[in-house]
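my_file00.cif, holding mmCIF, C-alpha atoms:
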```cif
data_target
#
loop_
_atom_site.label_atom_id
_atom_site.label_comp_id
_atom_site.auth_asym_id
_atom_site.auth_seq_id
_atom_site.Cartn_x
_atom_site.Cartn_y
_atom_site.Cartn_z
CA MET A 69 50.91 184.20 189.44
CA ASN A 70 49.03 181.07 188.41
CA LYS A 71 50.98 180.80 185.16
CA ARG A 72 54.17 181.15 187.05
CA LYS A 73 53.19 178.34 189.38
CA ILE A 74 52.20 176.13 186.45
CA GLN A 75 55.51 176.70 184.73
CA ILE A 76 57.40 175.90 187.91
CA ALA A 77 55.35 172.73 188.36
CA VAL A 78 56.00 171.60 184.77
CA ILE A 79 59.67 172.25 185.06
CA SER A 80 59.82 170.33 188.32
CA ILE A 81 57.99 167.39 186.73
CA ILE A 82 60.34 167.40 183.83
CA ALA A 83 63.31 167.47 186.13
CA VAL A 84 61.91 164.59 188.16
CA LEU A 85 61.28 162.54 185.04
CA THR A 86 64.74 163.25 183.76
CA LEU A 87 66.38 162.28 186.97
CA GLY A 88 64.20 159.18 187.25
CA GLY A 89 65.08 158.10 183.73
CA ALA A 90 68.75 158.56 184.37
CA PHE A 91 68.48 156.49 187.51
CA LEU A 92 66.62 153.74 185.73
CA ASN A 93 69.17 153.69 182.97
CA ASN A 94 71.99 153.35 185.40
CA LYS A 95 70.17 150.59 187.25
CA TYR A 96 69.35 148.43 184.23
CA ALA A 97 72.67 149.18 182.69
CA HIS A 98 74.27 147.13 185.46
CA VAL A 99 71.82 144.29 184.72
CA ALA A 100 72.32 144.22 180.89
CA THR A 101 76.08 144.44 181.00
CA PRO A 102 76.74 140.85 182.29
CA GLN A 103 74.48 139.35 179.63
CA GLN A 104 76.25 141.30 176.91
CA ASN A 105 79.57 140.20 178.31
CA LYS A 106 78.47 136.60 178.23
CA THR A 107 77.39 136.81 174.56
CA GLN A 108 80.64 138.51 173.69
CA VAL A 109 82.59 135.79 175.46
CA VAL A 110 80.59 133.11 173.64
CA LYS A 111 81.23 134.81 170.32
CA LYS A 112 84.91 135.08 171.07
CA GLU A 113 85.08 131.38 171.97
CA THR A 114 83.24 130.36 168.80
CA LYS A 115 85.60 132.51 166.77
CA LYS A 116 88.53 130.86 168.50
CA ASP A 117 87.07 127.42 167.78
CA THR A 118 86.51 128.22 164.07
CA VAL A 119 90.01 129.63 163.76
CA ALA A 120 91.43 126.57 165.50
CA ASN A 121 89.40 124.25 163.24
CA SER A 122 90.53 126.12 160.10
CA LYS A 123 94.12 125.92 161.28
CA LYS A 124 93.68 122.21 161.97
CA THR A 125 92.21 121.52 158.50
CA ALA A 126 94.98 123.57 156.87
CA LYS A 127 97.54 121.61 158.83
CA GLU A 128 95.92 118.31 157.78
CA LYS A 129 95.89 119.40 154.12
CA LYS A 130 99.54 120.38 154.38
CA GLU A 131 100.39 117.01 155.91
CA SER A 132 98.45 115.14 153.18
CA LEU A 133 100.28 117.09 150.47
CA GLU A 134 103.60 116.32 152.10
CA SER A 135 102.70 112.61 152.29
CA GLU A 136 101.70 112.62 148.60
CA LYS A 137 105.01 114.28 147.70
CA LYS A 138 106.86 111.66 149.74
CA ASN A 139 104.96 108.86 147.92
CA GLU A 140 105.78 110.35 144.51
CA SER A 141 109.43 110.74 145.42
CA SER A 142 109.50 107.13 146.68
CA LYS A 143 107.91 105.96 143.40
CA GLU A 144 110.45 107.90 141.35
CA SER A 145 113.27 106.51 143.43
CA SER A 146 111.88 102.96 142.95
CA LYS A 147 111.70 103.57 139.18
CA ASP A 148 115.26 104.81 139.16
CA SER A 149 116.36 101.80 141.16
CA THR A 150 114.59 99.42 138.75
CA LYS A 151 116.24 101.20 135.81
CA GLU A 152 119.60 100.89 137.47
CA THR A 153 119.00 97.18 138.13
CA ASP A 154 117.97 96.64 134.47
CA THR A 155 121.10 98.37 133.20
CA GLU A 156 123.20 96.37 135.65
CA LYS A 157 121.57 93.15 134.40
CA LYS A 158 122.26 94.11 130.77
CA ILE A 159 125.87 94.90 131.57
CA ALA A 160 126.20 91.60 133.44
CA ASP A 161 124.66 89.67 130.50
CA LYS A 162 127.08 91.34 128.08
CA ASN A 163 130.00 90.49 130.31
CA VAL A 164 128.82 86.86 130.49
CA GLU A 165 128.49 86.69 126.69
CA LYS A 166 131.98 88.14 126.24
CA ALA A 167 133.40 85.69 128.74
CA THR A 168 131.71 82.69 127.05
CA SER A 169 132.87 83.85 123.60
CA THR A 170 136.44 84.18 124.84
CA VAL A 171 136.24 80.73 126.43
CA ILE A 172 134.90 79.23 123.18
CA GLU A 173 137.59 80.97 121.13
CA SER A 174 140.31 79.73 123.46
CA ALA A 175 138.88 76.21 123.26
CA ASP A 176 138.88 76.41 119.45
CA ASP A 177 142.48 77.63 119.49
CA VAL A 178 143.47 74.72 121.73
CA GLN A 179 141.71 72.26 119.39
CA GLU A 180 143.49 73.76 116.38
CA GLU A 181 146.85 73.51 118.15
CA VAL A 182 146.18 69.89 119.06
CA ALA A 183 145.16 69.09 115.49
CA ASN A 184 148.22 70.83 114.06
CA SER A 185 150.49 69.02 116.47
CA THR A 186 148.98 65.64 115.56
CA THR A 187 149.31 66.35 111.83
CA ASN A 188 152.93 67.43 112.31
CA ASN A 189 153.67 64.26 114.24
CA GLU A 190 152.04 62.16 111.54
CA THR A 191 154.07 63.89 108.82
CA LYS A 192 157.28 63.49 110.81
CA ASN A 193 156.64 59.90 111.79
CA PRO A 194 154.46 58.35 109.09
CA VAL A 195 152.97 55.01 109.94
CA VAL A 196 153.95 52.40 107.42
CA GLU A 197 151.53 49.58 107.01
CA HIS A 198 152.97 46.26 105.89
CA LYS A 199 150.54 44.43 103.70
CA GLU A 200 151.12 40.98 102.47
CA GLU A 201 150.84 40.85 98.74
CA PRO A 202 148.76 37.94 97.47
CA ASN A 203 150.33 35.47 95.17
CA ALA A 204 149.87 36.71 91.63
CA PRO A 205 148.04 34.25 89.34
CA PRO A 206 149.94 32.86 86.42
CA ALA A 207 149.90 35.09 83.38
CA THR A 208 147.51 34.04 80.66
CA PRO A 209 148.17 34.77 77.05
CA SER A 210 146.37 37.90 75.92
CA GLN A 211 143.65 37.41 73.38
CA PRO A 212 142.85 39.99 70.74
CA GLU A 213 139.69 41.96 71.40
CA PRO A 214 136.97 41.49 68.79
CA THR A 215 136.64 44.46 66.52
CA GLN A 216 133.21 46.03 66.29
CA PRO A 217 131.90 46.83 62.83
CA THR A 218 131.75 50.53 62.13
CA PRO A 219 128.25 51.74 61.23
CA GLU A 220 127.80 52.78 57.69
CA ASN A 221 126.92 56.40 57.13
CA LYS A 222 123.72 56.05 55.18
CA PRO A 223 122.51 59.23 53.54
CA THR A 224 119.24 60.50 54.95
CA PRO A 225 116.55 60.49 52.32
CA GLU A 226 115.49 63.91 51.21
CA PRO A 227 111.79 64.71 51.63
CA LYS A 228 109.85 64.14 48.44
CA ASN A 229 107.83 66.84 46.81
CA GLU A 230 104.44 65.19 47.16
CA VAL A 231 100.79 66.13 47.39
CA THR A 232 97.68 64.11 48.18
CA PHE A 233 95.59 63.68 45.01
CA SER A 234 92.09 62.21 44.42
CA ILE A 235 89.23 62.23 41.83
CA LYS A 236 85.63 61.68 42.94
CA GLY A 237 82.84 61.08 40.39
CA THR A 238 81.92 58.45 37.83
CA ALA A 239 79.29 58.07 35.17
CA THR A 240 77.23 55.78 37.38
CA ASN A 241 77.76 57.57 40.75
CA SER A 242 78.95 61.13 41.18
CA SER A 243 79.88 60.62 44.85
CA SER A 244 82.08 57.54 44.42
CA TYR A 245 85.87 57.78 44.08
CA PHE A 246 87.35 57.23 40.68
CA ILE A 247 90.85 57.76 42.08
CA SER A 248 91.18 57.28 45.86
CA PRO A 249 93.40 59.71 47.85
CA GLN A 250 97.08 58.89 47.24
CA LYS A 251 100.51 60.51 47.26
CA VAL A 252 101.56 62.03 43.96
CA GLU A 253 104.88 63.63 43.12
CA MET A 254 104.81 67.24 42.03
CA LYS A 255 107.34 69.63 40.61
CA GLU A 256 108.22 73.01 41.98
CA GLY A 257 106.10 75.78 40.50
CA GLN A 258 103.31 73.49 39.21
CA SER A 259 99.65 74.45 39.34
CA VAL A 260 96.64 72.29 40.22
CA MET A 261 95.96 71.92 36.50
CA ASP A 262 99.55 70.72 35.88
CA VAL A 263 99.27 68.04 38.57
CA LEU A 264 95.97 66.77 37.07
CA SER A 265 97.37 66.72 33.54
CA ASP A 266 100.56 64.85 34.56
CA TYR A 267 98.65 62.27 36.60
CA CYS A 268 96.10 61.52 33.87
CA ARG A 269 98.80 61.34 31.19
CA ASN A 270 101.00 59.00 33.28
CA ASN A 271 98.07 56.70 34.16
CA GLY A 272 96.23 56.68 30.79
CA ILE A 273 93.14 58.57 31.97
CA GLN A 274 91.19 60.73 29.54
CA VAL A 275 90.93 64.44 30.47
CA GLY A 276 89.31 67.26 28.49
CA ILE A 277 90.72 70.77 29.01
CA ARG A 278 89.42 73.86 27.25
CA GLY A 279 91.69 76.77 26.60
CA GLY A 280 94.24 75.38 29.03
CA THR A 281 92.31 76.70 32.02
CA TYR A 282 88.96 74.90 32.22
CA VAL A 283 88.43 71.17 32.91
CA ALA A 284 85.42 70.06 30.91
CA GLY A 285 85.64 66.28 31.50
CA ILE A 286 87.59 63.52 33.21
CA ASN A 287 87.40 59.85 32.23
CA ASN A 288 84.77 60.81 29.58
CA LEU A 289 82.46 62.29 32.25
CA TYR A 290 81.78 65.80 30.98
CA GLU A 291 79.91 68.81 32.24
CA PHE A 292 76.11 68.85 31.71
CA ALA A 293 76.17 65.03 31.48
CA LYS A 294 73.91 64.87 34.55
CA GLY A 295 71.95 68.04 34.18
CA ALA A 296 72.34 71.73 33.46
CA GLU A 297 74.07 72.32 36.85
CA SER A 298 76.57 69.45 36.61
CA GLY A 299 80.35 69.79 36.07
CA TRP A 300 83.83 69.48 37.66
CA LEU A 301 85.10 71.45 40.69
CA TYR A 302 88.39 71.32 42.59
CA ARG A 303 89.23 71.86 46.28
CA VAL A 304 92.62 72.44 47.97
CA ASN A 305 93.05 71.76 51.69
CA GLY A 306 89.29 71.80 52.20
CA VAL A 307 88.74 75.18 50.45
CA PHE A 308 87.07 75.83 47.08
CA PRO A 309 89.17 78.56 45.35
CA SER A 310 87.37 81.32 43.47
CA TYR A 311 89.75 81.17 40.44
CA GLY A 312 90.81 78.60 37.89
CA ALA A 313 93.02 75.56 38.56
CA ALA A 314 95.69 76.88 36.18
CA GLN A 315 96.27 79.91 38.43
CA TYR A 316 96.52 78.01 41.75
CA ALA A 317 100.21 77.29 42.66
CA VAL A 318 100.66 73.99 44.50
CA GLN A 319 102.71 73.67 47.71
CA VAL A 320 104.34 70.52 49.09
CA GLY A 321 101.87 68.66 51.32
CA ASP A 322 98.70 70.13 49.78
CA THR A 323 95.57 68.00 49.45
CA ILE A 324 94.02 68.33 45.97
CA GLU A 325 90.50 66.96 45.32
CA TRP A 326 88.65 66.90 42.00
CA MET A 327 84.91 66.20 42.37
CA TYR A 328 81.85 66.08 40.10
CA THR A 329 78.74 68.04 41.11
CA GLU A 330 75.19 67.73 39.85
CA ASN A 331 73.73 70.94 41.31
CA MET A 332 76.35 73.73 41.16
CA GLY A 333 78.37 72.42 44.11
CA LYS A 334 75.60 72.07 46.69
CA ASP A 335 76.05 68.30 46.88
CA VAL A 336 79.81 68.61 47.54
CA GLY A 337 79.65 71.51 50.04
CA ALA A 338 80.81 74.34 47.77
CA PRO A 339 79.88 77.89 48.85
CA GLN A 340 76.90 79.35 47.01
CA VAL A 341 77.02 82.85 45.63
#
```
Any chance you could put this one into structure tokens?
Amino acid sequence: MNKRKIQIAVISIIAVLTLGGAFLNNKYAHVATPQQNKTQVVKKETKKDTVANSKKTAKEKKESLESEKKNESSKESSKDSTKETDTEKKIADKNVEKATSTVIESADDVQEEVANSTTNNETKNPVVEHKEEPNAPPATPSQPEPTQPTPENKPTPEPKNEVTFSIKGTATNSSSYFISPQKVEMKEGQSVMDVLSDYCRNNGIQVGIRGGTYVAGINNLYEFAKGAESGWLYRVNGVFPSYGAAQYAVQVGDTIEWMYTENMGKDVGAPQV
């Protein structure tokens, strides 16, 4: 019986608590609902504001893009208008040039016509000038003109076959000239020895030649007369040849020098071997 009572009491307590909880829930539910509604309303309004702001910004962006497009189109239209004005100016300038050229050509044609007309008039009606002729002086008897002597055709002298010839060296002084440099006639094909022989023979000068090729003495001044290294040398155009005078062919205008040396040519500038 006690257990039964306890069970009944527990069940009743549970029922009371359940009913009390349901009542409390219903009571506070009425209190919490307005606050929740307010928050929901606030959220809805904020959402509306954000949506409105986003729409506004989108609209502003769209308007800015449209304005930019309008500006670009206005710029392009201004460019096109400037191009059109430039082309119109060019066409106008060309027209002006054509008009001026036609005017100039017409003026030139008019000038040519005027000139042709004046020339035709002059040819048709030539102007005759009457000049008074002066009284002619009395005629004088003509005198014969003096005749000028005709120049004589003198033959031009032919160039002579000449060479410059000299002999340096005497018994008293080897460096003094015995025969000073002078022009001497020569024959074609002569050698230096031939020129020396002809000159000495024509002027009475003694010359000693050995074997027809070696000059031993001139004017009685012989080799070794002034030492073991003394003797006669010859030079042509400032050069001492390395062969005998009988083998050297003379050319017109050559300078031939015979000179006496006392030391194998050192004193006259001959090359030394």
ask   = Can you list, as a PyMOL selection string, every protein, DNA or RNA residue that comes within 12 Å of Asn229 of chain A when you count only C-alpha atoms, leaving out same-chain residues fewer than 5 positions away?
value = chain A and resi 251-258+263+318-322
ask   = In Å to one decimal, how far is atom CA of Val336 of chain A from atom CA of Arg269 of chain A?
value =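 Here the two named atoms are 26.1 Å from each other.
As for atom CA of Glu297 of chain A and atom CA of Glu325 of chain A, they are spaced 19.2 Å apart.
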inquiry  = Can you translate the PyMOL selection byres ((chain A and resi 324) around 9) into the concrete residues it hits in this file, as an MDAnalysis selection string?
reply    = chainID A and resid 231:235 249 260 302:306 318 322:323 325:326
ask   = If the PyMOL selection byres ((chain A and resi 243-245) around 10) is run on the structure shown, which residues does it catch, given as a ChimeraX atom specification?
value = /A:234-242,246-249,326-330,335-336
request  = Go ahead and compute the interatomic distance for atom CA of Val341 of chain A and atom CA of Val275 of chain A, in Å to one decimal.
outcome  = 27.6 Å
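Ranking A:Gly280, A:Gly299, A:Lys294, A:Leu289 by their shortest atom-to-atom distance to Ala313 of chain A, with only C-alpha atoms included, puts A:Gly280 first.
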query = Nearest to Asn331 of chain A among A:Val307, A:Phe292, A:Ser298, A:Asp262, with distances taken over all atoms listed in the file: which residue is it?
reply = A:Ser298
key: For Ala284 of chain A: contacts at 10 Å, all atoms listed in the file, fewer than 6 positions along chain excluded, given as a PyMOL selection string   = chain A and resi 275-278+290-292+299-301
task = Select, from A:Glu230, A:Ala314, A:Arg72, A:Lys129, the residue with the minimum atom-to-atom distance to Leu264 of chain A, counting all atoms listed in the file.
result = A:Ala314
